[in-house]
Structure formats: C-alpha cells, structure tokens
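**Student:** For reference, the structure I am asking about is given below.
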Amino acid sequence: MNRNVKSLAVAAAAALILIFAAVASRRGETRASEELGLVFPELMSSINDVAAITVTDAEGSYTVSTRDGAWGLEQKASYPVRMEEVRKTILAAAELKKIEAKTNVPERYSRLGVEDVDAGEAESKLLVLADGTGGTLAALLVGHAREGAGAASTYVRVAGETRSWLAAGDLALPADAAAWLDKEILKVERDAVQAVEIAHSDGERLSVSKASRGDGEYEVHGIPADHELKYASVANGLCGALEYLNLQDVLPAEGFAGSAEPTKATFWTFDGLRVDATVHTIEEKHFATFRASFDEEGPAVLASVGPLPATDGGEDGGEEPAVTLDPEAAKAAAAELNEHLGPWVYEIALYNQANFTKRMTDMVKPVEPPAELESGETTPPDSAALPDSVPAIEEAGLFDTGTQPGTNLADDPVLEDEVIVDEIVTEEEPVEAADSGEGGGS
C-alpha cells in the first residue's frame, strides 16, 4: 500500500514539473511575442549619425567609413565605395523587424547561422554600425536568409543577447570587401574621342583618328605597303577603351614602382580633353594610371595630315569647324578627373589592357594576291573567263571586210552581194534551179 502511495506521489510530482515547465515555456513565448517589432527601435532616429559600417566573419573584417562626407573602404586606403550599398545597408538594419522568436540555445545557433563569428566554422556575419566617436549604434549577428518565404526575411541575433529571431528585411552583406568599391574608373564615350596614339616601349607607335564626330569609322595612319585594314571598324574598339572601364582592384599610387617597359596610350576628345593612360604588366596582372589635361593643339597625327574639314553649320548653310574647344570646361573636367584618378593605381581586366596596348598588326592584314590559274597566270580582278564554246570575234569573220563596229550592214553593197544574198537562199529554192533557164538568164 505504501508503495502505491509513493508511486502516486512521484507521478504527481512529475506531472507538476511538466505543468510548470509548460507554463514557463508559454510565459517565455509570451514575453518573446511581446518583444516583436523593430530589432533596433532607436536606430531610425539616429540613422544620419552612422559614420562607419564594419562587417566581420570567420575569414576577417573590413570597414566602410566616412571622412569629410566621402565614404571609402579603409582596407583600400579609403577608396570611394558605392553610396547605394552604404544607404541600403544602413536602412535595412534600421527597418529590420522581428516576426518570430527562435532558439535561445547556443548549441542550436549554427542551424540558423547566428553563432558567434569566432566559433568554429561560423557562417554568421557580425554587422556593427558606429557613430563618429566610435560608439556602437547597432551590433547584429546576421544569419541565413529564409528560403521560400515570399518576402525577404533573415535569421538574426542581437550581439550579446541569447534569443534569436526571424526578421523581416533583406540584409544581404557582401562577404568580399571589393564588392563595396565603385568599380567605374572613368567614362569617356567613344563618339567623343577624336584620336588615340599608343606608344610601345620598343618604339612602335600606332595612331588612329577621325576628323569629325559624324565620321563613322576611325582612320588608321601609317598602314604598311601591301597591307589593308582587317575590317572597316577595326579601330573602333581601341577608341572606346575609356567608355566601359572598370577596376578589378585598386591600390595607392604612392610607392607603386611599376614595370620597366610600360605602354602609354593617349586619348584626345573633340572638346580638348586629353587622357594619358600608362599600362604596366606585373606577374600577369595589369595595372593602369591615368592623368587628364587640356590640350589645345590636339593630336599631332591630325596636324600632320592637314587641317580639319569643316562641317555643315545647319539650316543657314554656314560652316563651323569640326572641333569646337571650350578651354575652361575642358580644364575643369581634367581637374575633376585628376582629383579622382591621381592618387590611385588600378588593376584592370585583360580585355581592357588589350585595348590600351594595340599594335599595327592588330589593325591590318596583308593584301591577298590575285588568284592563280592552273597555267600559272593570274585572273584579272573583277573579270570572268569567257566560255570555251564562244569563239573570238576575229575567228567568226564578221569584220573580214574591214567594217568597223557600229556599221549598218544593210547599207554596205559589198556585204549585200556577198553575204546577205547568200544567207537568204533556202532549201525550197536551191541554187541549182537558177541554171534551168525557167527563171530567165543570170
């Protein structure tokens, strides 16, 4: 009997424990649900105070910060970054909303990717937003994006807290610091380029140009004898080298030694802007530096071929020069470019490097000789051999009498007696019938 009482007591105690655990769990869920809302309620009001964004993962860390109003990547000597990436990251953190409470058990964090970044094989990223004094405005462990949930949502955990959350918002952080960089080096459209000259370290020079903006193709100067352009627009790619020019990487110009034999490419625009690019190849990587200036004289290659032609001035029938310079605008453009380009060396892609280092052999090909016949003779250009079945005119005997081409045969008495009369004899009236005397004497 005592044993039964003891068993009932144990069972009751166990039931009470389960009840208390369930109640505690429900209370915890209730408290968690009451905490739904913005992950950082105060961040939106201080969004303009953010002065630095630091992203850390298991591989390392990088910081994007502002200096005198300009945002740059500290690990790349504060090279400018894309402002849309800065704005998107700060705003996404400020608008992030908790929509569902998740685990607060550290051993389960890795399932959501919200473990501490120094944990073994961590997949999380730690995002820290700081103000100008270095004070932390927000610190968040960003985990996996939720798959197939419709609107963007991400698993997150506020740094220092145990509870993790499913939060509404797209907080995709680039793992590579270079993804923040403003990749466009400069942009000069091809139609604005008047001439390009490439000078190689071995002395070879390649010059191309066009006289006016309206010209479709660029002229290649100094084509060797017995050579011709590979195709009419072969120089267009070279003259568009500054139109789509993006960096692979960037490093400070100070301390850059360069290569012993660089190639120099100079671009002139119709507005008087000159851009000099110096290209180095070092250990199979290609680097370029740029300098801009105003060049009133323009490319020497055009001066050597004579004055530029005039273009139509419009409805009044007047003429205006093919190139109209605005020195002040060109000088201002050059100064702005130098401020941006001067302090840096840019690593460029192979296809960009190829445009800056073209040679004459890239432009032209040997002229093909005329095709040879089996006899060894050459076929005259743009002609076709006469068929073997057509005899030569001299062999037909049409002009044996000395008649010149264009003569009316019916007006010639000699041809009338000797040719035309013979041709009208038919089989119904053979020649022998004339000797019978029936038709009179001959």
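Lettering and numbering for the structure tokens are positional, with chains as A, B, ... in the shown order, residues counted from 1 in each chain, and ligands counted from 1 in the shown order.
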Sort by chain and increasing residue number a table of all residues of region 29-70 of chain A within 10 Å of region 84-103 of chain A, each with its closest pair of atoms and their distance in Å to one decimal, counting only C-alpha atoms, and write it as a tab-separated table.

**Tutor:**
```
residue	atom	partner	partner_atom	distance
A:Glu29	CA	A:Ala101	CA	7.7
A:Arg31	CA	A:Ala101	CA	9.9
A:Ala32	CA	A:Ala101	CA	6.2
A:Ser33	CA	A:Ala101	CA	7.0
A:Glu35	CA	A:Lys98	CA	8.0
A:Leu36	CA	A:Lys98	CA	5.1
A:Gly37	CA	A:Lys97	CA	5.2
A:Leu38	CA	A:Lys97	CA	4.3
A:Val39	CA	A:Lys97	CA	5.5
A:Phe40	CA	A:Ala94	CA	6.4
A:Pro41	CA	A:Ala94	CA	7.6
A:Glu42	CA	A:Ala94	CA	8.3
A:Leu43	CA	A:Ala94	CA	5.4
A:Met44	CA	A:Ala94	CA	5.2
A:Ser45	CA	A:Ala94	CA	8.9
A:Ser46	CA	A:Ala94	CA	9.3
A:Ile47	CA	A:Ile90	CA	7.2
A:Asn48	CA	A:Ile90	CA	9.3
A:Val50	CA	A:Ile90	CA	7.8
A:Ala52	CA	A:Val86	CA	9.5
A:Ile53	CA	A:Val86	CA	8.2
A:Val64	CA	A:Val86	CA	8.2
A:Ser65	CA	A:Val86	CA	9.3
```

**Student:** Do a neighbour search on region 229-234 of chain A at 6 Å with only C-alpha atoms, toss out local chain neighbours closer than 4 positions, and write the hits as JSON, numbers by chain.

**Tutor:** {"A": [217, 363, 364, 365]}

**Student:** May I have the residues from that selection written out with C-alpha atoms, as a short mmCIF file (atom, residue, chain, number, x, y, z; two decimals), in the first residue's frame?

**Tutor:**
```
data_model
loop_
_atom_site.label_atom_id
_atom_site.label_comp_id
_atom_site.auth_asym_id
_atom_site.auth_seq_id
_atom_site.Cartn_x
_atom_site.Cartn_y
_atom_site.Cartn_z
CA GLU A 217 34.95 54.86 -88.73
CA MET A 363 44.71 46.59 -87.20
CA VAL A 364 45.87 45.31 -90.60
CA LYS A 365 46.43 42.21 -92.68
#
```

**Student:** One decimal, Å: what's the distance from CA of Gly214 (chain A) over to CA of Pro366 (chain A), could you say?

**Tutor:**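 Between these atoms lies a distance of 29.1 Å.
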
**Student:** Pick out the closest residue to Trp344 (chain A) from this set: A:Ala122, A:Leu140, A:Ala77, A:Ala145. Count only C-alpha atoms.

**Tutor:** A:Ala77

**Student:** My list of candidates is A:Val188, A:Gly255, A:Leu206, A:Leu129. Which is closest to Ala333 (chain A) when distances are computed with only C-alpha atoms?

**Tutor:**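 Closest residue, counting only C-alpha atoms: A:Val188.
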
**Student:** Please provide the set of residues having any atom within 9 Å of Ala177 (chain A), restricted to only C-alpha atoms, with same-chain residues fewer than 6 positions apart removed, written as a list in words.

**Tutor:**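 Final neighbour list, sorted by chain and number: Val55, Ser61, Tyr62, Thr63, Val64, Leu73 and Gln75 of chain A.
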
**Student:** Taking only C-alpha atoms into account, which of A:Pro327, A:Val142, A:His227, A:Leu245 comes nearest Thr361 (chain A)?

**Tutor:**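 Ranked by minimum distance to Thr361 (chain A), first place goes to A:His227.
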